[in-house]
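The structure appears right after this line, and notes come after that.
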Amino acid sequence: MSSWKEKPFGFTLIFGLVILGLVILPFFTELYYQTFLTELFVWILFAISFDLIFGYTGLLSFGQALFFGIGGYTITILTRKYGLGTEPGLLLCILIPMVFAWFVGYFSVKLTGIHFVIITIIFAIIANIIGDTWTSLTGGKDGLTFSPRPFRLGFFQINLMDIKGNYYFVLAVVALCYLILRRIVQSPLGKIFVSIRENEERARLIGYHVQRYKLIAFIIAGGLSGLAGGLYSLTLKYAGAGYLHWSVSGHAVVYTIVGGMGTLIGPVVGTGIILSLEHYLVNFLQATDLVVGIVLVVMVLLAPKGIVGLIQSRRKKGKASA
Amino acid sequence: MELKRTKSTEKGILKKEISRRDFIKTTAMGAAGLGIGSWLTVPFTYGAEPPIRIGMFNEYSVFATEYGYWMGKVAKTAVAKMNAEGGIAGRKIELFDYDTKCDPKWAASMFRKMVLEDKVDMVMGSIHSGVQKACFPLAEEYKVPLFSGGAMTYEFTGKDAIPYYIRNHSHARSQALAGWKWAFDNLGKKWTFLNADYAWGHSLAREFGTLIKAAGGKTQDIFAPPATADFIPYLQKVDPDTEVLFTAFLGTAALGVLRQTVEIGLHKRLQRYTVICCTEGIGQEVVGKESIGAYYIEYHPRHLDQVPKELHPYEMAYRKACGVDENGKEIGNPKVTIAGSHMYSMWIYPYQIKLAIEQTGWKNRNNNADMIRAIRSQKLKAGPWCPIGDLVMREQDHQGFSDFYISKVEPDLKLKVIERVPKEKVMYPPETDLTKKI
């Protein structure tokens, strides 16, 4: 018997039900939960974009914060200083980080292992320093605030200053990105990414230009991370140099490891669990990061493939014994 | 062995069978008992209006925790005292306290949580200017006043001011206006700024530098990374004819720069000058003997005997309530030094809120605009709730003004006040007019 993953109808049904649930949820929840879920969607997008480069291609990049931050600054600066609308602004939130990802990736993907990790951290640190010190452009440590313009698509218009409007808008964009990423990882291109992760030498011997494919994955992930940054800025109406700090990439690493890397649903689950845990715990204690750290350690020790990986391996074992 | 839940086992455990009537009777009696008990223990009148909810966030982790500790402690003390005295307009005050983690993203989330989930009526705290800036759009969106804990970016009550932001403490511009003239006349006319290479350091260099140059003085700017450990390469760049070396760093870098000026003998040929923010919450004994002879701008004296005599009764009561001794140490924990030039803001805000609520008849968040209008026009006299002396709020930009102090580190490591700068000298023309917006 095949799993729901292999059944397009099964996925469509579950995905549709989840989206439907999220669409009707605002009618039954308070505004705070709508803002919380909006932030959750943004971090899900950031985590699944990171999963493409880490979980599917095997590159542990701490440079995703760079693209997240650039995306955030792109929409903020273009709206605030040049009066650009949200639609072209969001498009540039993808394109500009993609250009930066191409530049960073050009140097980074030639390296492997710890050297790749370090060079991506260095690029993020450089960007963070520039963000901190180029005050006239970035607002420095204080950052920049702005008022998002409505999103217009023909006669259709969404007021992004409205909490519910912003919720639906971010949900729609993130859901669309999830479907696009799912299509990518299931396509032959996605299989090449996985083959590079599994055995880079073999992929090269088969005839694939490994560096080129790594760069492609890096650019796609960079563009989506930029979009996540842009959506985050639209939600908070703020962008700051802190977005560029390499530790922001750490969020995606944690969410992906906890949920399960190499499965798009894994980062979704990981983001949901960690953020919900943080927002619940903050009512009782200040040191929420400590608990998140403990969860991470436990997950790495007990379920190195994450929650989804654990469930999948249990199901496989069950089938094998049946 | 698994215990099956059956009627007989329940009977066994409880010794007797429970009928539906027994259950309803017992539950009703319990509920009535609890209701009467809670009514008797409530300190406020039964049927009183709901509590006034104040949100607070401070830096309790990551960085600047010595500020966060004192800001939080003082605010909690002030609210407890106010509640003990009958609350505000007969209503109890509830404080909701969160950590900013020094992260604007997280702090903005907490601001939303406080406003939308905890239903706070206003928010106060944080010395992190990035945190405050990130909350500006939210404060405007929800029309919730944001009271600055200690953010020093002067533009927040200048060109970037928003109607829902209130600041009763100093900032980079008022510090420069308070500190430049006395030092220019008494310490020297050729200044070098060796400051942290980020917004705060640049802001201080710019504000002081503009005044020094306008008065015919000479300035040199050197910026070093905020976490610099070795200052020798930077100190070697200091112009040989420099008379005043102004430094602005936080944390260990603030201690390092003072120590290394002594190591290379710079302290013998120039005067060292800084703002108390650099070593706030850090005992002078930790800074070390290398700080002897250095000058500080304080916004409220650390040592009780340096506080102006007429403020002593208020200051003593304020210190006693907050658990602070005459040397600015925490009572029972002398290793902890107060953030005395900053924490007073959190003592005064609850009082400002109280006055505004009682003056306007404020009921809930819908009346926040009235509260803002009342607070921005307040002129507080020195008293138990305003131990720093008179505090004047300015209507146009929501900025507060109070006296400043210039102190020198004595051989016994005490910060001795040598000049009191009246608030009138630090009042600059407002750069905005918020009265047109709210």
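All residue names refer to the structure tokens as shown: chains lettered A, B, ... in order, residues numbered from 1 in each chain, ligands numbered from 1 in order.
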
Could the residues of chain A within 10 Å of chain B, counting only C-alpha atoms, be given as a PyMOL selection string, please? chain A and resi 30-36+39+129+132-135+139-147+161-162+232-233+236-243+279+282-289

Saved selection, atoms kept: C-alpha atoms, as an mmCIF file, in the first residue's frame:
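That gives us out-v3.cif:
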data_model
loop_
_atom_site.group_PDB
_atom_site.id
_atom_site.type_symbol
_atom_site.label_atom_id
_atom_site.label_comp_id
_atom_site.auth_asym_id
_atom_site.auth_seq_id
_atom_site.Cartn_x
_atom_site.Cartn_y
_atom_site.Cartn_z
ATOM 1 C CA GLU A 30 -8.855 36.291 18.676
ATOM 2 C CA LEU A 31 -6.716 38.772 16.791
ATOM 3 C CA TYR A 32 -3.600 37.765 18.688
ATOM 4 C CA TYR A 33 -3.740 34.214 17.333
ATOM 5 C CA GLN A 34 -4.113 35.586 13.835
ATOM 6 C CA THR A 35 -0.941 37.636 14.232
ATOM 7 C CA PHE A 36 0.813 34.647 15.796
ATOM 8 C CA GLU A 39 4.326 35.051 11.904
ATOM 9 C CA ILE A 129 27.839 44.873 9.864
ATOM 10 C CA ASP A 132 24.385 48.120 11.386
ATOM 11 C CA THR A 133 26.638 50.878 10.102
ATOM 12 C CA TRP A 134 25.013 52.112 6.867
ATOM 13 C CA THR A 135 22.531 54.024 8.963
ATOM 14 C CA GLY A 139 18.410 52.806 9.948
ATOM 15 C CA GLY A 140 21.257 50.929 11.675
ATOM 16 C CA LYS A 141 20.460 49.148 14.906
ATOM 17 C CA ASP A 142 17.208 51.102 15.245
ATOM 18 C CA GLY A 143 15.936 49.863 11.886
ATOM 19 C CA LEU A 144 13.229 51.357 9.656
ATOM 20 C CA THR A 145 9.460 51.462 9.955
ATOM 21 C CA PHE A 146 6.949 51.859 7.146
ATOM 22 C CA SER A 147 3.269 51.565 6.278
ATOM 23 C CA MET A 161 -2.551 47.087 7.619
ATOM 24 C CA ASP A 162 -5.514 44.956 8.668
ATOM 25 C CA TYR A 232 7.871 39.451 7.797
ATOM 26 C CA SER A 233 8.538 43.143 7.257
ATOM 27 C CA LEU A 236 5.732 43.903 11.521
ATOM 28 C CA LYS A 237 5.966 47.041 9.337
ATOM 29 C CA TYR A 238 9.618 47.136 10.300
ATOM 30 C CA ALA A 239 13.033 45.978 9.104
ATOM 31 C CA GLY A 240 16.256 46.075 11.094
ATOM 32 C CA ALA A 241 19.862 44.984 10.848
ATOM 33 C CA GLY A 242 19.060 42.186 13.274
ATOM 34 C CA TYR A 243 17.274 40.369 10.425
ATOM 35 C CA HIS A 279 4.711 31.480 22.922
ATOM 36 C CA VAL A 282 6.709 32.845 27.718
ATOM 37 C CA ASN A 283 3.690 33.148 29.999
ATOM 38 C CA PHE A 284 5.574 31.289 32.718
ATOM 39 C CA LEU A 285 9.290 31.842 32.282
ATOM 40 C CA GLN A 286 11.702 34.198 30.579
ATOM 41 C CA ALA A 287 14.255 31.600 29.495
ATOM 42 C CA THR A 288 12.244 30.134 26.619
ATOM 43 C CA ASP A 289 15.407 29.662 24.573
#

From a backbone DSSP assignment, name each residue in stretch 226-294 of chain B labelled helix (DSSP H, G or I), as a PyMOL selection string. chain B and resi 232-235+252-263+266-268+276-279+284-287+289-291

Atom CA of B:Ala339 to atom CA of B:Arg394, straight-line distance in Å: 24.9 Å

Got a sec: who's within 7 Å of stretch 259-276 of chain A, counting only C-alpha atoms, leaving out chain neighbours fewer than 3 positions off, as an NGL selection string? :A and (40 or 43-44 or 47-48 or 51 or 55-56 or 255-256 or 279-280 or 292 or 305-309)

Kindly export the residues of the current selection with all heavy atoms, as a short mmCIF file (atom, residue, chain, number, x, y, z; two decimals), in the first residue's frame.
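Wrote selection.cif, looks like this:
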data_model
loop_
_atom_site.label_atom_id
_atom_site.label_comp_id
_atom_site.auth_asym_id
_atom_site.auth_seq_id
_atom_site.Cartn_x
_atom_site.Cartn_y
_atom_site.Cartn_z
N LEU A 40 3.95 32.68 12.15
CA LEU A 40 4.27 31.26 11.99
C LEU A 40 4.39 30.89 10.50
O LEU A 40 5.33 30.21 10.10
CB LEU A 40 3.16 30.43 12.66
CG LEU A 40 3.32 28.92 12.63
CD1 LEU A 40 4.42 28.48 13.57
CD2 LEU A 40 2.04 28.24 13.04
N TRP A 43 7.71 32.11 9.13
CA TRP A 43 8.85 31.27 9.53
C TRP A 43 8.79 29.91 8.87
O TRP A 43 9.83 29.29 8.61
CB TRP A 43 8.91 31.15 11.06
CG TRP A 43 9.34 32.43 11.72
CD1 TRP A 43 8.58 33.22 12.53
CD2 TRP A 43 10.60 33.10 11.59
NE1 TRP A 43 9.30 34.34 12.91
CE2 TRP A 43 10.54 34.28 12.35
CE3 TRP A 43 11.76 32.82 10.89
CZ2 TRP A 43 11.61 35.19 12.45
CZ3 TRP A 43 12.84 33.71 10.98
CH2 TRP A 43 12.76 34.88 11.75
N ILE A 44 7.58 29.44 8.56
CA ILE A 44 7.46 28.18 7.81
C ILE A 44 8.09 28.34 6.43
O ILE A 44 8.86 27.48 5.98
CB ILE A 44 5.98 27.75 7.71
CG1 ILE A 44 5.51 27.15 9.04
CG2 ILE A 44 5.76 26.76 6.56
CD1 ILE A 44 4.03 26.82 9.10
N ALA A 47 11.75 28.34 6.79
CA ALA A 47 12.26 27.01 7.12
C ALA A 47 12.22 26.08 5.91
O ALA A 47 13.17 25.33 5.67
CB ALA A 47 11.46 26.42 8.29
N ILE A 48 11.15 26.13 5.12
CA ILE A 48 11.09 25.20 3.97
C ILE A 48 12.08 25.63 2.89
O ILE A 48 12.62 24.79 2.18
CB ILE A 48 9.65 25.03 3.39
CG1 ILE A 48 9.04 26.35 2.97
CG2 ILE A 48 8.76 24.28 4.37
CD1 ILE A 48 7.69 26.21 2.25
N ASP A 51 15.18 24.23 4.01
CA ASP A 51 15.17 22.77 3.86
C ASP A 51 15.58 22.36 2.44
O ASP A 51 16.17 21.30 2.24
CB ASP A 51 13.77 22.23 4.19
CG ASP A 51 13.79 20.72 4.40
OD1 ASP A 51 14.78 20.22 4.94
OD2 ASP A 51 12.82 20.06 4.01
N GLY A 55 18.11 20.19 3.67
CA GLY A 55 17.49 18.86 3.72
C GLY A 55 17.57 18.12 2.40
O GLY A 55 17.76 16.90 2.38
N TYR A 56 17.44 18.84 1.29
CA TYR A 56 17.42 18.16 -0.01
C TYR A 56 18.78 18.17 -0.70
O TYR A 56 19.12 17.23 -1.41
CB TYR A 56 16.37 18.81 -0.93
CG TYR A 56 14.98 18.38 -0.55
CD1 TYR A 56 14.22 19.13 0.35
CD2 TYR A 56 14.42 17.22 -1.06
CE1 TYR A 56 12.96 18.72 0.74
CE2 TYR A 56 13.15 16.80 -0.68
CZ TYR A 56 12.42 17.56 0.22
OH TYR A 56 11.18 17.14 0.60
N TYR A 255 14.13 24.61 13.43
CA TYR A 255 12.82 24.16 12.99
C TYR A 255 12.94 22.92 12.10
O TYR A 255 12.15 21.99 12.20
CB TYR A 255 12.08 25.25 12.21
CG TYR A 255 11.91 26.57 12.95
CD1 TYR A 255 11.85 27.77 12.26
CD2 TYR A 255 11.83 26.61 14.34
CE1 TYR A 255 11.70 28.98 12.93
CE2 TYR A 255 11.69 27.81 15.01
CZ TYR A 255 11.64 29.00 14.30
OH TYR A 255 11.51 30.19 14.95
N THR A 256 13.95 22.95 11.23
CA THR A 256 14.11 21.86 10.27
C THR A 256 14.58 20.58 10.97
O THR A 256 14.09 19.48 10.68
CB THR A 256 15.11 22.27 9.17
OG1 THR A 256 14.66 23.50 8.61
CG2 THR A 256 15.20 21.22 8.08
N HIS A 279 5.76 30.53 22.57
CA HIS A 279 4.71 31.48 22.92
C HIS A 279 3.86 31.01 24.08
O HIS A 279 3.23 31.82 24.77
CB HIS A 279 3.86 31.80 21.69
CG HIS A 279 4.49 32.85 20.85
ND1 HIS A 279 5.55 32.58 20.00
CD2 HIS A 279 4.28 34.19 20.76
CE1 HIS A 279 5.93 33.70 19.43
NE2 HIS A 279 5.18 34.69 19.86
N TYR A 280 3.85 29.72 24.32
CA TYR A 280 3.14 29.21 25.50
C TYR A 280 4.00 29.41 26.74
O TYR A 280 3.54 29.91 27.77
CB TYR A 280 2.80 27.73 25.29
CG TYR A 280 2.17 27.08 26.50
CD1 TYR A 280 0.87 27.41 26.88
CD2 TYR A 280 2.88 26.17 27.26
CE1 TYR A 280 0.30 26.82 28.00
CE2 TYR A 280 2.31 25.58 28.38
CZ TYR A 280 1.03 25.91 28.74
OH TYR A 280 0.47 25.34 29.85
N VAL A 292 13.82 25.54 24.39
CA VAL A 292 13.96 25.21 22.97
C VAL A 292 15.27 24.45 22.76
O VAL A 292 15.33 23.46 22.02
CB VAL A 292 13.92 26.49 22.11
CG1 VAL A 292 14.30 26.18 20.66
CG2 VAL A 292 12.55 27.12 22.16
N LYS A 305 16.35 12.21 12.79
CA LYS A 305 15.69 12.58 11.53
C LYS A 305 14.47 13.46 11.77
O LYS A 305 13.67 13.71 10.85
CB LYS A 305 15.26 11.30 10.79
CG LYS A 305 16.45 10.56 10.20
CD LYS A 305 15.96 9.36 9.43
CE LYS A 305 17.14 8.61 8.83
NZ LYS A 305 16.71 7.34 8.20
N GLY A 306 14.28 13.90 12.99
CA GLY A 306 13.16 14.79 13.30
C GLY A 306 11.87 14.03 13.51
O GLY A 306 11.81 12.80 13.35
N ILE A 307 10.83 14.78 13.84
CA ILE A 307 9.54 14.15 14.17
C ILE A 307 8.98 13.41 12.96
O ILE A 307 8.57 12.26 13.06
CB ILE A 307 8.55 15.23 14.67
CG1 ILE A 307 9.03 15.74 16.02
CG2 ILE A 307 7.14 14.67 14.79
CD1 ILE A 307 8.36 17.00 16.49
N VAL A 308 8.98 14.08 11.82
CA VAL A 308 8.43 13.45 10.61
C VAL A 308 9.28 12.24 10.21
O VAL A 308 8.74 11.19 9.84
CB VAL A 308 8.33 14.48 9.46
CG1 VAL A 308 7.91 13.82 8.16
CG2 VAL A 308 7.33 15.57 9.83
N GLY A 309 10.59 12.39 10.33
CA GLY A 309 11.49 11.27 10.02
C GLY A 309 11.22 10.09 10.93
O GLY A 309 11.21 8.93 10.48
#

Which is closest to B:Ser203 among B:Met152, B:Ala227, B:Ala374, B:Ala178, if we use only C-alpha atoms?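 Residue with the minimum atom-to-atom distance to B:Ser203: B:Met152.
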
What does the distance from atom CA of B:Val262 to atom CA of B:Thr228 come to in Å, to one decimal?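 So the two atoms, atom CA of B:Val262 and atom CA of B:Thr228, lie 16.7 Å apart.
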